[in-house]
file input18.cif (mmCIF, C-alpha atoms and all ligand atoms)
data_my_file
loop_
_atom_site.group_PDB
_atom_site.id
_atom_site.type_symbol
_atom_site.label_atom_id
_atom_site.label_comp_id
_atom_site.auth_asym_id
_atom_site.auth_seq_id
_atom_site.Cartn_x
_atom_site.Cartn_y
_atom_site.Cartn_z
ATOM 1 C CA MET A 1 0.881 13.544 11.318
ATOM 2 C CA THR A 2 -0.317 15.026 8.015
ATOM 3 C CA LEU A 3 2.173 15.120 5.158
ATOM 4 C CA ASP A 4 2.741 17.891 2.641
ATOM 5 C CA TRP A 5 4.589 17.229 -0.627
ATOM 6 C CA MET A 6 8.021 18.034 0.756
ATOM 7 C CA ALA A 7 7.553 15.772 3.786
ATOM 8 C CA LEU A 8 6.197 12.972 1.599
ATOM 9 C CA GLU A 9 9.171 13.168 -0.767
ATOM 10 C CA GLU A 10 11.647 13.172 2.118
ATOM 11 C CA LEU A 11 9.918 10.234 3.757
ATOM 12 C CA LEU A 12 10.000 8.146 0.583
ATOM 13 C CA ALA A 13 13.558 9.106 -0.329
ATOM 14 C CA GLY A 14 14.662 8.052 3.156
ATOM 15 C CA ALA A 15 12.828 4.760 2.867
ATOM 16 C CA GLY A 16 15.684 3.217 0.899
ATOM 17 C CA ALA A 17 17.348 2.617 4.250
ATOM 18 C CA SER A 18 14.479 0.829 5.995
ATOM 19 C CA ARG A 19 13.723 -2.823 5.462
ATOM 20 C CA TYR A 20 10.305 -3.939 4.230
ATOM 21 C CA GLY A 21 8.978 -6.151 7.003
ATOM 22 C CA GLY A 22 10.322 -9.661 6.959
ATOM 23 C CA GLU A 23 11.333 -9.334 3.281
ATOM 24 C CA ALA A 24 14.821 -8.861 1.852
ATOM 25 C CA ILE A 25 14.162 -5.484 0.150
ATOM 26 C CA SER A 26 13.835 -1.874 1.346
ATOM 27 C CA GLN A 27 10.563 -0.022 1.870
ATOM 28 C CA LEU A 28 11.449 2.227 -1.077
ATOM 29 C CA GLU A 29 12.094 -0.746 -3.390
ATOM 30 C CA HIS A 30 8.779 -2.262 -2.301
ATOM 31 C CA ALA A 31 6.931 1.007 -2.994
ATOM 32 C CA LEU A 32 8.540 1.465 -6.428
ATOM 33 C CA GLN A 33 7.966 -2.165 -7.419
ATOM 34 C CA SER A 34 4.296 -1.909 -6.389
ATOM 35 C CA ALA A 35 3.857 1.246 -8.475
ATOM 36 C CA GLU A 36 5.703 -0.319 -11.410
ATOM 37 C CA CYS A 37 3.373 -3.348 -11.383
ATOM 38 C CA ALA A 38 0.349 -1.017 -11.366
ATOM 39 C CA GLU A 39 1.741 1.025 -14.257
ATOM 40 C CA ARG A 40 2.591 -2.144 -16.228
ATOM 41 C CA ASP A 41 -1.018 -3.290 -15.852
ATOM 42 C CA GLY A 42 -2.409 0.002 -17.178
ATOM 43 C CA ALA A 43 -3.765 1.301 -13.849
ATOM 44 C CA SER A 44 -4.970 4.898 -13.476
ATOM 45 C CA ALA A 45 -2.700 7.598 -12.022
ATOM 46 C CA SER A 46 -4.718 7.347 -8.796
ATOM 47 C CA LEU A 47 -4.192 3.622 -8.455
ATOM 48 C CA ILE A 48 -0.488 3.795 -9.380
ATOM 49 C CA THR A 49 -0.204 6.413 -6.626
ATOM 50 C CA ALA A 50 -2.073 4.195 -4.163
ATOM 51 C CA ALA A 51 0.350 1.383 -4.997
ATOM 52 C CA LEU A 52 3.345 3.674 -4.441
ATOM 53 C CA LEU A 53 2.019 4.917 -1.098
ATOM 54 C CA HIS A 54 0.150 1.925 0.321
ATOM 55 C CA ASP A 55 2.698 1.299 3.094
ATOM 56 C CA VAL A 56 3.515 4.929 3.873
ATOM 57 C CA GLY A 57 1.960 4.354 7.303
ATOM 58 C CA HIS A 58 4.971 2.205 8.215
ATOM 59 C CA LEU A 59 7.273 5.099 7.343
ATOM 60 C CA VAL A 60 5.209 7.731 9.160
ATOM 61 C CA ALA A 61 5.399 5.593 12.281
ATOM 62 C CA GLY A 62 9.168 5.263 11.786
ATOM 63 C CA GLN A 63 9.059 1.490 11.858
ATOM 64 C CA ASP A 64 11.230 -1.094 10.215
ATOM 65 C CA ASP A 65 8.069 -3.106 10.557
ATOM 66 C CA ASP A 66 9.387 -5.087 13.496
ATOM 67 C CA ASP A 67 6.027 -4.774 15.241
ATOM 68 C CA LEU A 68 5.221 -7.874 13.259
ATOM 69 C CA ALA A 69 7.931 -9.828 15.026
ATOM 70 C CA LYS A 70 6.532 -8.584 18.339
ATOM 71 C CA GLY A 71 3.064 -9.833 17.440
ATOM 72 C CA ILE A 72 1.438 -6.393 17.067
ATOM 73 C CA ASP A 73 -0.789 -5.289 14.180
ATOM 74 C CA ASP A 74 0.401 -1.726 13.600
ATOM 75 C CA ARG A 75 -2.771 -0.702 11.659
ATOM 76 C CA HIS A 76 -0.435 0.937 9.141
ATOM 77 C CA GLU A 77 -3.187 1.403 6.557
ATOM 78 C CA GLN A 78 -5.030 3.762 8.928
ATOM 79 C CA THR A 79 -1.864 5.698 9.811
ATOM 80 C CA GLY A 80 -1.144 6.011 6.087
ATOM 81 C CA ILE A 81 -4.464 7.438 4.980
ATOM 82 C CA ALA A 82 -4.516 9.899 7.881
ATOM 83 C CA ALA A 83 -1.100 11.179 6.768
ATOM 84 C CA LEU A 84 -2.107 11.449 3.080
ATOM 85 C CA ARG A 85 -5.566 12.967 3.471
ATOM 86 C CA LYS A 86 -4.452 16.531 2.723
ATOM 87 C CA LEU A 87 -2.871 15.548 -0.590
ATOM 88 C CA PHE A 88 -5.214 12.922 -2.062
ATOM 89 C CA GLY A 89 -8.893 12.065 -2.438
ATOM 90 C CA GLU A 90 -10.800 8.814 -1.971
ATOM 91 C CA ASP A 91 -9.671 7.331 -5.300
ATOM 92 C CA VAL A 92 -6.143 7.120 -3.825
ATOM 93 C CA LEU A 93 -7.003 6.705 -0.128
ATOM 94 C CA ALA A 94 -9.712 4.023 -0.271
ATOM 95 C CA PRO A 95 -7.588 1.295 -1.918
ATOM 96 C CA ILE A 96 -4.839 2.018 0.635
ATOM 97 C CA ALA A 97 -7.363 1.804 3.493
ATOM 98 C CA LEU A 98 -8.618 -1.546 2.179
ATOM 99 C CA HIS A 99 -5.373 -3.253 1.146
ATOM 100 C CA VAL A 100 -5.052 -5.252 4.370
ATOM 101 C CA SER A 101 -8.720 -6.282 4.256
ATOM 102 C CA ALA A 102 -8.167 -7.300 0.622
ATOM 103 C CA LYS A 103 -5.615 -9.875 1.721
ATOM 104 C CA ARG A 104 -8.065 -11.313 4.270
ATOM 105 C CA TYR A 105 -10.746 -11.300 1.533
ATOM 106 C CA LEU A 106 -8.595 -13.039 -1.078
ATOM 107 C CA CYS A 107 -7.707 -15.775 1.427
ATOM 108 C CA ALA A 108 -11.442 -16.479 1.701
ATOM 109 C CA ALA A 109 -12.425 -15.955 -1.944
ATOM 110 C CA GLU A 110 -9.567 -17.460 -3.912
ATOM 111 C CA PRO A 111 -8.385 -21.055 -3.478
ATOM 112 C CA GLY A 112 -4.594 -21.178 -3.307
ATOM 113 C CA TYR A 113 -4.104 -17.475 -2.472
ATOM 114 C CA LEU A 114 -3.194 -18.112 1.158
ATOM 115 C CA ALA A 115 -0.659 -20.799 0.250
ATOM 116 C CA GLY A 116 1.034 -18.383 -2.161
ATOM 117 C CA LEU A 117 1.683 -15.655 0.419
ATOM 118 C CA SER A 118 5.194 -14.981 1.689
ATOM 119 C CA ASP A 119 6.038 -16.135 5.216
ATOM 120 C CA ALA A 120 5.950 -12.555 6.557
ATOM 121 C CA SER A 121 2.585 -11.914 4.918
ATOM 122 C CA ARG A 122 1.115 -15.131 6.333
ATOM 123 C CA LEU A 123 2.361 -14.255 9.811
ATOM 124 C CA SER A 124 0.788 -10.781 9.693
ATOM 125 C CA LEU A 125 -2.514 -12.235 8.433
ATOM 126 C CA ALA A 126 -3.245 -13.763 11.819
ATOM 127 C CA LEU A 127 -2.529 -10.430 13.541
ATOM 128 C CA GLN A 128 -4.774 -8.591 11.081
ATOM 129 C CA GLY A 129 -7.835 -10.709 11.833
ATOM 130 C CA GLY A 130 -7.235 -13.865 9.807
ATOM 131 C CA VAL A 131 -9.239 -15.170 6.840
ATOM 132 C CA MET A 132 -12.602 -13.413 6.354
ATOM 133 C CA GLY A 133 -15.818 -15.293 7.069
ATOM 134 C CA ALA A 134 -18.474 -15.487 4.339
ATOM 135 C CA ALA A 135 -20.577 -12.545 5.575
ATOM 136 C CA GLU A 136 -17.603 -10.189 5.902
ATOM 137 C CA ALA A 137 -16.256 -11.301 2.505
ATOM 138 C CA GLY A 138 -19.653 -10.539 0.954
ATOM 139 C CA ARG A 139 -19.653 -7.054 2.472
ATOM 140 C CA PHE A 140 -16.100 -6.442 1.249
ATOM 141 C CA ALA A 141 -16.967 -7.494 -2.313
ATOM 142 C CA ARG A 142 -19.813 -4.958 -2.409
ATOM 143 C CA ASN A 143 -17.537 -2.045 -1.459
ATOM 144 C CA PRO A 144 -17.182 0.241 -4.519
ATOM 145 C CA HIS A 145 -13.386 0.266 -4.008
ATOM 146 C CA ALA A 146 -13.033 -3.515 -3.613
ATOM 147 C CA VAL A 147 -11.774 -4.161 -7.160
ATOM 148 C CA ALA A 148 -9.099 -1.464 -6.834
ATOM 149 C CA ALA A 149 -8.077 -2.755 -3.389
ATOM 150 C CA VAL A 150 -7.732 -6.334 -4.651
ATOM 151 C CA ALA A 151 -5.622 -5.146 -7.598
ATOM 152 C CA LEU A 152 -3.401 -3.180 -5.198
ATOM 153 C CA ARG A 153 -3.073 -6.245 -2.972
ATOM 154 C CA ARG A 154 -1.817 -8.378 -5.865
ATOM 155 C CA TRP A 155 0.817 -5.773 -6.798
ATOM 156 C CA ASP A 156 1.803 -5.577 -3.118
ATOM 157 C CA ASP A 157 2.296 -9.355 -3.060
ATOM 158 C CA GLU A 158 4.347 -9.241 -6.273
ATOM 159 C CA ALA A 159 6.555 -6.328 -5.197
ATOM 160 C CA LYS A 160 9.099 -8.294 -3.182
ATOM 161 C CA VAL A 161 11.703 -9.121 -5.823
ATOM 162 C CA VAL A 162 15.296 -8.722 -4.673
ATOM 163 C CA GLY A 163 17.384 -6.626 -7.080
ATOM 164 C CA LYS A 164 14.586 -5.724 -9.523
ATOM 165 C CA THR A 165 15.164 -2.528 -11.537
ATOM 166 C CA THR A 166 12.298 -0.016 -11.672
ATOM 167 C CA PRO A 167 11.847 3.615 -12.711
ATOM 168 C CA GLY A 168 12.941 5.948 -9.915
ATOM 169 C CA LEU A 169 10.991 7.850 -7.294
ATOM 170 C CA ALA A 170 10.804 11.042 -9.399
ATOM 171 C CA HIS A 171 8.881 9.184 -12.116
ATOM 172 C CA TYR A 172 6.206 8.024 -9.668
ATOM 173 C CA LEU A 173 6.021 11.297 -7.750
ATOM 174 C CA ALA A 174 5.184 13.008 -11.049
ATOM 175 C CA ILE A 175 2.298 10.560 -11.458
ATOM 176 C CA ALA A 176 1.258 11.178 -7.839
ATOM 177 C CA ARG A 177 1.096 14.923 -8.528
ATOM 178 C CA ARG A 178 -1.325 14.191 -11.367
ATOM 179 C CA ALA A 179 -3.467 12.150 -8.974
ATOM 180 C CA ALA A 180 -3.414 14.787 -6.241
ATOM 181 C CA ARG A 181 -6.524 16.225 -4.728
ATOM 182 C CA VAL A 182 -7.392 19.492 -6.452
ATOM 183 C CA VAL A 183 -8.151 22.105 -3.823
ATOM 184 C CA ALA A 184 -9.777 25.261 -5.144
ATOM 185 C CA GLY A 185 -7.343 28.145 -5.248
ATOM 186 C CA GLU A 186 -4.365 26.039 -4.142
ATOM 187 C CA ALA A 187 -1.421 25.359 -6.448
ATOM 188 C CA GLN A 188 -0.338 21.708 -6.529
HETATM 189 FE FE FE B 201 3.084 -3.666 1.012
#
call {"tool": "encode", "arguments": {"input": "input18.cif", "output": "structure tokens"}}
result
Amino acid sequence: MTLDWMALEELLAGAGASRYGGEAISQLEHALQSAECAERDGASASLITAALLHDVGHLVAGQDDDDLAKGIDDRHEQTGIAALRKLFGEDVLAPIALHVSAKRYLCAAEPGYLAGLSDASRLSLALQGGVMGAAEAGRFARNPHAVAAVALRRWDDEAKVVGKTTPGLAHYLAIARRAARVVAGEAQ
């Protein structure tokens, strides 16, 4: 499934009703909180957009994320970038593609990171391949999008606050339009 702008907006607007994994907030709240953390930290429009859309794969697949409870890794980062490829370039897509690997990397590279993860995030880690070994962590660190992916991962981890107020979806969709892929001869 490839999204156009209208489908993307509808998907996100409807995400207020679906729960974010094992956490006590909705998918929409999680997306907006992720984007708000990125904006607070002075991230580029592309990276704010990646933060907003990093879990869109869950929504495309129509999940409330209960695959996790069934012990299945849904590969939502791959579903997400496939859906967004028409609208965005690599500066938005690559951090999304790498945000699960970034968790596995941080568990290997940063003492204390694993212990700080939420229960749901620790449970999914095992399904996603567990903590990276040294060779894989070295390869990850050399990826040109690794720094952006690690930043996105930290906002993802932070964006689980029940009842937090953020700017609304329209604010972040306007930023996403600025980050959109420019296709010759096509109005955005
Ligand atoms: Fe997330």
call {"tool": "residues_near_ligand", "arguments": {"input": "input18.cif", "ligand": "ligand FE 201 (chain B)", "cutoff": "8 Å", "atoms": "only C-alpha atoms and all ligand atoms", "output": "ChimeraX atom specification"}}
result
/A:20,30-31,34,54-55,153,156-157,159
call {"tool": "residues_around", "arguments": {"input": "input18.cif", "residues": "Ser118 of chain A", "least_positions_apart": "3", "cutoff": "12 Å", "atoms": "all atoms listed in the file", "output": "PyMOL selection string"}}
result
chain A and resi 21-24+103+113-115+121-125+156-161
call {"tool": "resolve_selection", "arguments": {"input": "input18.cif", "expression": "the PyMOL selection byres (((chain A and resi 152) around 12) and not hetatm)", "output": "PyMOL selection string"}}
result
chain A and resi 31+33-39+41+43-44+46-55+92-103+106+145-151+153-159
call {"tool": "resolve_selection", "arguments": {"input": "input18.cif", "expression": "the PyMOL selection byres (((chain A and resi 8) around 10) and not hetatm)", "output": "list in words"}}
result
Thr2, Leu3, Asp4, Trp5, Met6, Ala7, Glu9, Glu10, Leu11, Leu12, Ala13, Gly14, Leu53, Val56, Leu59, Val60, Ala83, Leu84, Leu87 and Leu173 of chain A
call {"tool": "closest_residue", "arguments": {"input": "input18.cif", "among": "A:Lys164, A:Tyr105, A:Leu127, A:Ala82", "to": "Arg139 of chain A", "atoms": "all atoms listed in the file"}}
result
A:Tyr105
call {"tool": "atom_distance", "arguments": {"input": "input18.cif", "atom1": "atom CA of Gly130 of chain A", "atom2": "atom CA of His76 of chain A"}}
result
16.3 Å
call {"tool": "atom_distance", "arguments": {"input": "input18.cif", "atom1": "atom CA of Gly80 of chain A", "atom2": "atom CA of His58 of chain A"}}
result
7.5 Å
call {"tool": "atom_distance", "arguments": {"input": "input18.cif", "atom1": "atom CA of Met132 of chain A", "atom2": "atom CA of Glu110 of chain A"}}
result
11.4 Å
call {"tool": "resolve_selection", "arguments": {"input": "input18.cif", "expression": "the PyMOL selection byres (((chain A and resi 177) around 10) and not hetatm)", "output": "ChimeraX atom specification"}}
result
/A:5,45-46,49,87-88,172-176,178-182,188
call {"tool": "closest_residue", "arguments": {"input": "input18.cif", "among": "A:Leu117, A:Ala170, A:Val162, A:Pro144", "to": "Gln27 of chain A", "atoms": "only C-alpha atoms"}}
result
A:Val162
call {"tool": "closest_residue", "arguments": {"input": "input18.cif", "among": "A:Thr166, A:Ala108, A:Gly138, A:Asp119", "to": "Glu29 of chain A", "atoms": "all atoms listed in the file"}}
result
A:Thr166
call {"tool": "build_atoms", "arguments": {"input": "input18.cif", "residues": "segment 161-172 of chain A", "atoms": "all heavy atoms", "output": "mmCIF file, in the frame of the given file"}}
result
data_model
loop_
_atom_site.group_PDB
_atom_site.id
_atom_site.type_symbol
_atom_site.label_atom_id
_atom_site.label_comp_id
_atom_site.auth_asym_id
_atom_site.auth_seq_id
_atom_site.Cartn_x
_atom_site.Cartn_y
_atom_site.Cartn_z
ATOM 1 N N VAL A 161 10.658 -8.470 -5.024
ATOM 2 C CA VAL A 161 11.703 -9.121 -5.823
ATOM 3 C C VAL A 161 13.056 -8.477 -5.525
ATOM 4 O O VAL A 161 13.241 -7.275 -5.757
ATOM 5 C CB VAL A 161 11.385 -9.005 -7.335
ATOM 6 C CG1 VAL A 161 12.463 -9.708 -8.151
ATOM 7 C CG2 VAL A 161 10.002 -9.577 -7.641
ATOM 8 N N VAL A 162 13.973 -9.253 -5.018
ATOM 9 C CA VAL A 162 15.296 -8.722 -4.673
ATOM 10 C C VAL A 162 16.041 -8.328 -5.945
ATOM 11 O O VAL A 162 16.127 -9.110 -6.895
ATOM 12 C CB VAL A 162 16.109 -9.778 -3.884
ATOM 13 C CG1 VAL A 162 17.510 -9.262 -3.571
ATOM 14 C CG2 VAL A 162 15.372 -10.154 -2.600
ATOM 15 N N GLY A 163 16.534 -7.079 -5.976
ATOM 16 C CA GLY A 163 17.384 -6.626 -7.080
ATOM 17 C C GLY A 163 16.661 -6.197 -8.345
ATOM 18 O O GLY A 163 17.289 -5.904 -9.353
ATOM 19 N N LYS A 164 15.329 -6.117 -8.323
ATOM 20 C CA LYS A 164 14.586 -5.724 -9.523
ATOM 21 C C LYS A 164 14.816 -4.237 -9.842
ATOM 22 O O LYS A 164 14.804 -3.399 -8.935
ATOM 23 C CB LYS A 164 13.092 -5.974 -9.306
ATOM 24 C CG LYS A 164 12.242 -5.700 -10.541
ATOM 25 C CD LYS A 164 10.775 -5.956 -10.257
ATOM 26 C CE LYS A 164 9.920 -5.694 -11.478
ATOM 27 N NZ LYS A 164 8.485 -5.826 -11.188
ATOM 28 N N THR A 165 14.989 -3.920 -11.116
ATOM 29 C CA THR A 165 15.164 -2.528 -11.537
ATOM 30 C C THR A 165 13.801 -1.926 -11.878
ATOM 31 O O THR A 165 13.006 -2.554 -12.580
ATOM 32 C CB THR A 165 16.074 -2.458 -12.784
ATOM 33 O OG1 THR A 165 17.295 -3.113 -12.473
ATOM 34 C CG2 THR A 165 16.358 -1.018 -13.173
ATOM 35 N N THR A 166 13.552 -0.727 -11.383
ATOM 36 C CA THR A 166 12.298 -0.016 -11.672
ATOM 37 C C THR A 166 12.628 1.432 -12.037
ATOM 38 O O THR A 166 13.727 1.903 -11.745
ATOM 39 C CB THR A 166 11.373 0.030 -10.438
ATOM 40 O OG1 THR A 166 12.021 0.801 -9.413
ATOM 41 C CG2 THR A 166 11.036 -1.355 -9.916
ATOM 42 N N PRO A 167 11.669 2.163 -12.623
ATOM 43 C CA PRO A 167 11.847 3.615 -12.711
ATOM 44 C C PRO A 167 12.040 4.184 -11.301
ATOM 45 O O PRO A 167 11.636 3.562 -10.312
ATOM 46 C CB PRO A 167 10.533 4.090 -13.327
ATOM 47 C CG PRO A 167 9.983 2.896 -14.044
ATOM 48 C CD PRO A 167 10.407 1.703 -13.223
ATOM 49 N N GLY A 168 12.622 5.371 -11.213
ATOM 50 C CA GLY A 168 12.941 5.948 -9.915
ATOM 51 C C GLY A 168 11.761 6.666 -9.265
ATOM 52 O O GLY A 168 10.673 6.777 -9.836
ATOM 53 N N LEU A 169 12.026 7.174 -8.076
ATOM 54 C CA LEU A 169 10.991 7.850 -7.294
ATOM 55 C C LEU A 169 10.417 9.074 -8.025
ATOM 56 O O LEU A 169 9.212 9.322 -7.975
ATOM 57 C CB LEU A 169 11.583 8.255 -5.936
ATOM 58 C CG LEU A 169 10.656 8.939 -4.952
ATOM 59 C CD1 LEU A 169 9.420 8.094 -4.665
ATOM 60 C CD2 LEU A 169 11.413 9.247 -3.656
ATOM 61 N N ALA A 170 11.276 9.826 -8.726
ATOM 62 C CA ALA A 170 10.804 11.042 -9.399
ATOM 63 C C ALA A 170 9.705 10.721 -10.421
ATOM 64 O O ALA A 170 8.729 11.471 -10.560
ATOM 65 C CB ALA A 170 11.980 11.747 -10.082
ATOM 66 N N HIS A 171 9.874 9.600 -11.120
ATOM 67 C CA HIS A 171 8.881 9.184 -12.116
ATOM 68 C C HIS A 171 7.515 8.995 -11.454
ATOM 69 O O HIS A 171 6.488 9.464 -11.967
ATOM 70 C CB HIS A 171 9.350 7.879 -12.764
ATOM 71 C CG HIS A 171 8.347 7.249 -13.687
ATOM 72 N ND1 HIS A 171 8.098 7.727 -14.954
ATOM 73 C CD2 HIS A 171 7.514 6.191 -13.514
ATOM 74 C CE1 HIS A 171 7.153 6.989 -15.523
ATOM 75 N NE2 HIS A 171 6.788 6.051 -14.667
ATOM 76 N N TYR A 172 7.489 8.335 -10.304
ATOM 77 C CA TYR A 172 6.206 8.024 -9.668
ATOM 78 C C TYR A 172 5.649 9.215 -8.885
ATOM 79 O O TYR A 172 4.428 9.346 -8.751
ATOM 80 C CB TYR A 172 6.335 6.764 -8.809
ATOM 81 C CG TYR A 172 6.491 5.567 -9.704
ATOM 82 C CD1 TYR A 172 7.694 4.876 -9.767
ATOM 83 C CD2 TYR A 172 5.461 5.175 -10.560
ATOM 84 C CE1 TYR A 172 7.853 3.812 -10.645
ATOM 85 C CE2 TYR A 172 5.613 4.124 -11.446
ATOM 86 C CZ TYR A 172 6.808 3.449 -11.486
ATOM 87 O OH TYR A 172 6.965 2.415 -12.367
#
